[in-house]
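See below for work-v5.pdb, which holds PDB, C-alpha atoms and all ligand atoms.
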```pdb
ATOM      1  CA  MET A   1     -41.368 -22.298   9.597
ATOM      2  CA  SER A   2     -37.658 -22.999  10.112
ATOM      3  CA  VAL A   3     -36.143 -24.195  13.371
ATOM      4  CA  THR A   4     -34.263 -20.877  13.726
ATOM      5  CA  ILE A   5     -37.449 -18.819  13.499
ATOM      6  CA  ASP A   6     -39.218 -21.120  15.987
ATOM      7  CA  HIS A   7     -36.325 -20.732  18.391
ATOM      8  CA  GLN A   8     -36.429 -16.955  17.977
ATOM      9  CA  ASN A   9     -40.213 -16.969  18.467
ATOM     10  CA  ASN A  10     -39.850 -18.540  21.902
ATOM     11  CA  TYR A  11     -37.634 -15.643  22.947
ATOM     12  CA  TRP A  12     -40.041 -13.181  21.327
ATOM     13  CA  ASN A  13     -42.986 -14.558  23.286
ATOM     14  CA  GLU A  14     -41.033 -14.631  26.544
ATOM     15  CA  LEU A  15     -40.014 -10.977  26.136
ATOM     16  CA  ALA A  16     -43.521  -9.952  25.044
ATOM     17  CA  ASP A  17     -44.960 -11.594  28.186
ATOM     18  CA  ILE A  18     -42.456  -9.780  30.409
ATOM     19  CA  LYS A  19     -43.304  -6.516  28.635
ATOM     20  CA  ASP A  20     -47.021  -7.074  29.329
ATOM     21  CA  GLU A  21     -46.336  -7.775  33.008
ATOM     22  CA  LEU A  22     -44.232  -4.635  33.429
ATOM     23  CA  ALA A  23     -46.863  -2.640  31.535
ATOM     24  CA  ALA A  24     -49.528  -3.912  33.960
ATOM     25  CA  ARG A  25     -47.423  -2.344  36.730
ATOM     26  CA  ASP A  26     -47.421   0.951  34.796
ATOM     27  CA  TRP A  27     -43.647   0.928  34.435
ATOM     28  CA  PHE A  28     -43.569   2.379  30.871
ATOM     29  CA  PRO A  29     -44.770   6.009  31.201
ATOM     30  CA  GLY A  30     -44.518   8.214  28.107
ATOM     31  CA  THR A  31     -43.001   5.509  25.816
ATOM     32  CA  SER A  32     -40.057   5.105  28.219
ATOM     33  CA  GLY A  33     -38.337   1.800  28.872
ATOM     34  CA  ASN A  34     -36.676  -0.833  26.752
ATOM     35  CA  LEU A  35     -36.184  -4.578  27.067
ATOM     36  CA  SER A  36     -34.009  -7.210  25.471
ATOM     37  CA  ILE A  37     -33.432 -10.946  25.486
ATOM     38  CA  LYS A  38     -30.377 -12.772  24.206
ATOM     39  CA  VAL A  39     -31.014 -15.139  21.299
ATOM     40  CA  SER A  40     -27.473 -16.356  20.569
ATOM     41  CA  ASP A  41     -24.044 -16.083  22.179
ATOM     42  CA  ASP A  42     -21.641 -16.570  19.343
ATOM     43  CA  PRO A  43     -22.228 -14.401  17.445
ATOM     44  CA  LEU A  44     -24.110 -12.260  19.978
ATOM     45  CA  THR A  45     -27.639 -11.471  18.833
ATOM     46  CA  PHE A  46     -30.537 -10.226  20.924
ATOM     47  CA  LEU A  47     -34.116  -9.113  20.495
ATOM     48  CA  VAL A  48     -34.566  -5.515  21.625
ATOM     49  CA  THR A  49     -37.631  -3.280  21.767
ATOM     50  CA  ALA A  50     -38.195  -0.977  18.807
ATOM     51  CA  SER A  51     -37.566   2.682  19.651
ATOM     52  CA  GLY A  52     -40.275   5.168  20.565
ATOM     53  CA  LYS A  53     -43.180   2.717  20.859
ATOM     54  CA  ASP A  54     -45.805   2.622  23.554
ATOM     55  CA  LYS A  55     -44.518  -0.459  25.358
ATOM     56  CA  ARG A  56     -47.972  -1.065  26.845
ATOM     57  CA  LYS A  57     -49.234  -2.199  23.432
ATOM     58  CA  ARG A  58     -48.505  -5.696  22.098
ATOM     59  CA  THR A  59     -47.840  -5.736  18.339
ATOM     60  CA  ASP A  60     -45.907  -7.722  15.725
ATOM     61  CA  GLU A  61     -43.398  -4.878  15.513
ATOM     62  CA  ASP A  62     -42.400  -4.666  19.162
ATOM     63  CA  PHE A  63     -38.919  -6.182  18.833
ATOM     64  CA  LEU A  64     -36.145  -6.570  16.315
ATOM     65  CA  LEU A  65     -33.067  -8.743  16.253
ATOM     66  CA  VAL A  66     -29.756  -6.905  16.523
ATOM     67  CA  ASP A  67     -26.100  -7.941  16.465
ATOM     68  CA  SER A  68     -23.235  -7.223  18.858
ATOM     69  CA  ASP A  69     -22.954  -3.674  17.450
ATOM     70  CA  GLY A  70     -26.661  -3.064  18.036
ATOM     71  CA  HIS A  71     -27.397  -3.090  14.297
ATOM     72  CA  PRO A  72     -30.504  -4.841  12.928
ATOM     73  CA  VAL A  73     -29.731  -8.318  11.631
ATOM     74  CA  GLU A  74     -32.575  -8.208   9.093
ATOM     75  CA  ILE A  75     -33.840  -5.457   6.801
ATOM     76  CA  THR A  76     -36.533  -3.598   8.726
ATOM     77  CA  ASN A  77     -38.204  -0.201   9.008
ATOM     78  CA  LEU A  78     -37.929  -0.453  12.779
ATOM     79  CA  LYS A  79     -35.279   1.365  14.763
ATOM     80  CA  PRO A  80     -33.701  -0.436  17.704
ATOM     81  CA  SER A  81     -34.110   1.253  21.093
ATOM     82  CA  ALA A  82     -32.043   4.433  21.395
ATOM     83  CA  GLU A  83     -30.525   2.776  24.483
ATOM     84  CA  THR A  84     -29.535  -0.491  22.783
ATOM     85  CA  VAL A  85     -25.941   0.265  23.795
ATOM     86  CA  LEU A  86     -26.850  -0.370  27.455
ATOM     87  CA  HIS A  87     -28.102  -3.860  26.586
ATOM     88  CA  GLN A  88     -25.073  -4.499  24.376
ATOM     89  CA  ARG A  89     -22.624  -3.598  27.153
ATOM     90  CA  ILE A  90     -24.468  -5.781  29.666
ATOM     91  CA  TYR A  91     -24.347  -8.837  27.371
ATOM     92  CA  GLN A  92     -20.668  -8.178  26.726
ATOM     93  CA  LYS A  93     -19.747  -7.892  30.433
ATOM     94  CA  THR A  94     -22.027 -10.416  32.146
ATOM     95  CA  ASP A  95     -23.647 -13.814  31.649
ATOM     96  CA  ALA A  96     -27.028 -12.069  31.299
ATOM     97  CA  GLY A  97     -29.718 -13.574  29.091
ATOM     98  CA  CYS A  98     -32.165 -10.700  29.545
ATOM     99  CA  SER A  99     -31.916  -6.998  30.374
ATOM    100  CA  LEU A 100     -34.727  -4.680  31.444
ATOM    101  CA  HIS A 101     -34.793  -0.875  31.658
ATOM    102  CA  VAL A 102     -37.710   1.066  33.193
ATOM    103  CA  HIS A 103     -38.354   4.574  34.445
ATOM    104  CA  THR A 104     -40.387   4.738  37.656
ATOM    105  CA  VAL A 105     -40.939   7.605  40.081
ATOM    106  CA  ASP A 106     -39.392   5.550  42.903
ATOM    107  CA  ASN A 107     -36.232   4.644  40.973
ATOM    108  CA  ASN A 108     -35.822   8.284  39.871
ATOM    109  CA  VAL A 109     -36.264   9.603  43.431
ATOM    110  CA  ILE A 110     -33.727   7.130  44.854
ATOM    111  CA  SER A 111     -31.254   7.862  42.039
ATOM    112  CA  ASP A 112     -31.333  11.583  42.815
ATOM    113  CA  LEU A 113     -31.373  11.289  46.611
ATOM    114  CA  TYR A 114     -28.269   9.064  46.555
ATOM    115  CA  GLY A 115     -26.700  10.112  43.230
ATOM    116  CA  ASP A 116     -23.949  12.144  44.903
ATOM    117  CA  GLN A 117     -22.807   9.146  46.949
ATOM    118  CA  GLY A 118     -22.701   6.981  43.816
ATOM    119  CA  SER A 119     -24.630   3.971  45.164
ATOM    120  CA  ILE A 120     -27.200   2.815  47.663
ATOM    121  CA  THR A 121     -27.076  -0.321  49.798
ATOM    122  CA  PHE A 122     -30.106  -2.074  51.248
ATOM    123  CA  GLN A 123     -30.034  -4.384  54.261
ATOM    124  CA  ASN A 124     -32.493  -6.070  56.647
ATOM    125  CA  GLN A 125     -35.090  -6.820  54.019
ATOM    126  CA  GLU A 126     -36.416 -10.295  53.233
ATOM    127  CA  LEU A 127     -36.633  -9.432  49.538
ATOM    128  CA  ILE A 128     -32.819  -9.262  49.311
ATOM    129  CA  LYS A 129     -33.091 -13.049  48.929
ATOM    130  CA  ALA A 130     -34.467 -12.350  45.433
ATOM    131  CA  PHE A 131     -30.805 -11.671  44.532
ATOM    132  CA  ASN A 132     -29.798 -15.111  45.812
ATOM    133  CA  ILE A 133     -28.274 -13.576  48.949
ATOM    134  CA  TRP A 134     -29.138 -15.835  51.855
ATOM    135  CA  GLU A 135     -26.910 -14.601  54.732
ATOM    136  CA  GLU A 136     -28.483 -13.421  57.992
ATOM    137  CA  ASP A 137     -27.770  -9.746  57.333
ATOM    138  CA  GLY A 138     -27.258  -9.848  53.576
ATOM    139  CA  LYS A 139     -26.859  -6.601  51.657
ATOM    140  CA  ILE A 140     -27.498  -5.531  48.096
ATOM    141  CA  THR A 141     -25.806  -2.517  46.519
ATOM    142  CA  ILE A 142     -26.855  -0.735  43.364
ATOM    143  CA  PRO A 143     -24.462   1.785  41.777
ATOM    144  CA  ILE A 144     -25.800   5.129  40.502
ATOM    145  CA  VAL A 145     -24.324   6.788  37.403
ATOM    146  CA  GLU A 146     -24.984  10.214  35.938
ATOM    147  CA  ASN A 147     -27.358  10.445  32.988
ATOM    148  CA  TYR A 148     -25.360  11.350  29.874
ATOM    149  CA  ALA A 149     -27.209  12.345  26.701
ATOM    150  CA  ASP A 150     -24.263  10.853  24.802
ATOM    151  CA  LEU A 151     -25.379   7.215  24.814
ATOM    152  CA  PRO A 152     -21.996   5.547  24.146
ATOM    153  CA  ARG A 153     -20.697   7.539  27.143
ATOM    154  CA  LEU A 154     -23.671   6.359  29.201
ATOM    155  CA  GLY A 155     -22.944   2.797  28.042
ATOM    156  CA  ASP A 156     -19.336   3.137  29.269
ATOM    157  CA  ALA A 157     -20.481   4.603  32.606
ATOM    158  CA  VAL A 158     -22.851   1.662  33.125
ATOM    159  CA  ALA A 159     -20.291  -0.930  31.984
ATOM    160  CA  ASP A 160     -17.676   0.508  34.377
ATOM    161  CA  LYS A 161     -19.937  -0.234  37.360
ATOM    162  CA  ILE A 162     -20.603  -3.859  36.446
ATOM    163  CA  THR A 163     -18.715  -6.104  38.857
ATOM    164  CA  PRO A 164     -19.587  -9.479  40.424
ATOM    165  CA  GLY A 165     -22.595  -9.176  42.746
ATOM    166  CA  ILE A 166     -24.033  -6.184  40.889
ATOM    167  CA  HIS A 167     -27.423  -6.955  39.328
ATOM    168  CA  GLY A 168     -28.550  -3.498  38.241
ATOM    169  CA  ILE A 169     -27.506   0.131  37.792
ATOM    170  CA  LEU A 170     -29.473   3.298  38.495
ATOM    171  CA  ILE A 171     -29.109   6.134  36.005
ATOM    172  CA  ARG A 172     -29.668   9.440  37.779
ATOM    173  CA  ASN A 173     -33.093  10.979  37.157
ATOM    174  CA  HIS A 174     -33.575   8.531  34.325
ATOM    175  CA  GLY A 175     -34.262   4.945  35.363
ATOM    176  CA  ILE A 176     -32.915   1.521  36.234
ATOM    177  CA  THR A 177     -31.256  -1.134  34.116
ATOM    178  CA  VAL A 178     -31.228  -4.671  35.501
ATOM    179  CA  TRP A 179     -30.283  -8.047  34.118
ATOM    180  CA  GLY A 180     -30.493 -11.723  34.914
ATOM    181  CA  ARG A 181     -29.407 -15.027  33.404
ATOM    182  CA  ASN A 182     -32.886 -15.320  31.888
ATOM    183  CA  GLY A 183     -36.131 -13.365  31.701
ATOM    184  CA  PHE A 184     -37.483 -14.797  34.948
ATOM    185  CA  GLU A 185     -34.389 -13.792  36.898
ATOM    186  CA  ALA A 186     -34.167 -10.309  35.325
ATOM    187  CA  LYS A 187     -37.812  -9.645  36.237
ATOM    188  CA  ARG A 188     -37.266 -10.934  39.775
ATOM    189  CA  HIS A 189     -34.322  -8.563  40.200
ATOM    190  CA  LEU A 190     -36.297  -5.637  38.805
ATOM    191  CA  GLU A 191     -39.307  -6.269  41.054
ATOM    192  CA  ALA A 192     -37.071  -6.678  44.110
ATOM    193  CA  PHE A 193     -35.208  -3.422  43.436
ATOM    194  CA  GLU A 194     -38.453  -1.532  42.873
ATOM    195  CA  PHE A 195     -39.851  -2.965  46.138
ATOM    196  CA  LEU A 196     -36.751  -1.792  48.040
ATOM    197  CA  PHE A 197     -36.922   1.679  46.452
ATOM    198  CA  SER A 198     -40.608   2.086  47.200
ATOM    199  CA  TYR A 199     -40.162   0.910  50.798
ATOM    200  CA  HIS A 200     -37.259   3.304  51.305
ATOM    201  CA  VAL A 201     -39.110   6.300  49.841
ATOM    202  CA  LYS A 202     -42.179   5.597  52.018
ATOM    203  CA  MET A 203     -40.087   5.106  55.163
ATOM    204  CA  ARG A 204     -38.295   8.411  54.561
ATOM    205  CA  LEU A 205     -41.599  10.197  54.201
ATOM    206  CA  LEU A 206     -43.139   8.557  57.277
ATOM    207  CA  THR A 207     -40.160   8.999  59.586
ATOM    208  CA  LYS A 208     -39.194  12.573  58.656
TER     209      LYS A 208
HETATM  210  C1  LIG B 301     -39.537   9.600  26.416
HETATM  211  S1  LIG B 301     -38.867   8.039  26.635
HETATM  212  C2  LIG B 301     -37.268   8.247  27.208
HETATM  213  C3  LIG B 301     -36.250   7.729  26.227
HETATM  214  O1  LIG B 301     -35.371   8.782  25.950
HETATM  215  C4  LIG B 301     -35.464   6.571  26.785
HETATM  216  O2  LIG B 301     -34.864   6.900  28.008
HETATM  217  C5  LIG B 301     -36.218   5.295  26.907
HETATM  218  O3  LIG B 301     -36.204   4.638  27.928
HETATM  219  C6  LIG B 301     -36.968   4.775  25.742
HETATM  220  O4  LIG B 301     -36.280   4.946  24.535
HETATM  221  P1  LIG B 301     -36.500   3.902  23.332
HETATM  222  O5  LIG B 301     -35.694   4.446  22.198
HETATM  223  O6  LIG B 301     -37.981   3.883  23.046
HETATM  224  O7  LIG B 301     -36.019   2.582  23.842
HETATM  225 ZN    ZN B 302     -34.561   5.226  29.353
END
```
What is this file in structure tokens?
Amino acid sequence: MSVTIDHQNNYWNELADIKDELAARDWFPGTSGNLSIKVSDDPLTFLVTASGKDKRKRTDEDFLLVDSDGHPVEITNLKPSAETVLHQRIYQKTDAGCSLHVHTVDNNVISDLYGDQGSITFQNQELIKAFNIWEEDGKITIPIVENYADLPRLGDAVADKITPGIHGILIRNHGITVWGRNGFEAKRHLEAFEFLFSYHVKMRLLTK
């Protein structure tokens, strides 16, 4: 086995492990969700989930390597995720090494409750430190974009909201896309956002 394939296999296994962990949380209902991990910077290549699969299953055909245009690098029967453009735009605009997209009830509820205001900000929560924010009353904001069926348009809408200090974007009544410099950080950001959403939804229900 060549050095290149070995190198790629490490990324494959890291992404497969993250996929299993998110599956254990039941964050891939109805074949939703897609994940990617950057393999090289110049030229940009990344492993992305194959489209339409049940992401709870672990198989040898879960991921394929794509280039900066989202096209497969090798001949394959697999189709890259329909939402590969989101991953592409994130790698182009940030220093991300991994990007995760999941649909959960909590992220959908928050995206619709606050969609009209275009973002939601959380404060006074210990878990905000998961974003490396250590101030006494640190805040974390997540922008919310509309869900366009036209995926390049959705990619532009997401890319437009990426500025320093932004670690994820909510897509209205669709899901969340987060990123981090590596798989560990991307997963930490995702889990922290989902915690904040779930807390907020429960508090709203309990304090109505
Ligand atoms: C029924 S799954 C919803 C899809 O349209 C999409 O939003 C999604 O997250 C998964 O698409 P995929 O092409 O499998 O990556
Ligand atoms: Zn989706």
Env. residues ligand LIG 301 (chain B) / 8 Å / all atoms listed in the file / as JSON, numbers by chain: {"A": [29, 30, 31, 32, 33, 34, 35, 49, 50, 51, 52, 53, 54, 80, 81, 82, 83, 84, 101, 102, 103, 174, 175]}
Of the candidates A:Gln117, A:Gln125, A:Thr45, A:Thr104, which shows the shortest atom-to-atom distance to A:Val73, using all atoms listed in the file?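 Closest to A:Val73, using all atoms listed in the file: A:Thr45.
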Hits from the PyMOL selection byres (((chain A and resi 163-165) around 10) and not hetatm), listed as a PyMOL selection string: chain A and resi 93-94+131-133+140-142+159-162+166-168
For ligand ZN 302 (chain B), the nearest of the candidates A:Leu22, A:Ile176, A:Ala130, A:Ile120, counting all atoms listed in the file: A:Ile176
Taking only C-alpha atoms and all ligand atoms into account, name the residue in A:Ala149, A:Gly180, A:Ser40, A:Leu205 that is nearest to ligand ZN 302 (chain B).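 For ligand ZN 302 (chain B), the nearest of the candidates is A:Ala149.
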For ligand ZN 302 (chain B), which residue among A:Thr177, A:Ser198, A:Asn10, A:Thr207 is the nearest when counting all atoms listed in the file?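 Comparing A:Thr177, A:Ser198, A:Asn10, A:Thr207 against ligand ZN 302 (chain B), the winner is A:Thr177.
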Check the smallest atom-to-atom distance from each of A:Val201, A:Ile171, A:Lys55, A:Pro43 to ligand ZN 302 (chain B) using all atoms listed in the file, then report the winner.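 Once distances to ligand ZN 302 (chain B) are computed over all atoms listed in the file, the minimum belongs to A:Ile171.
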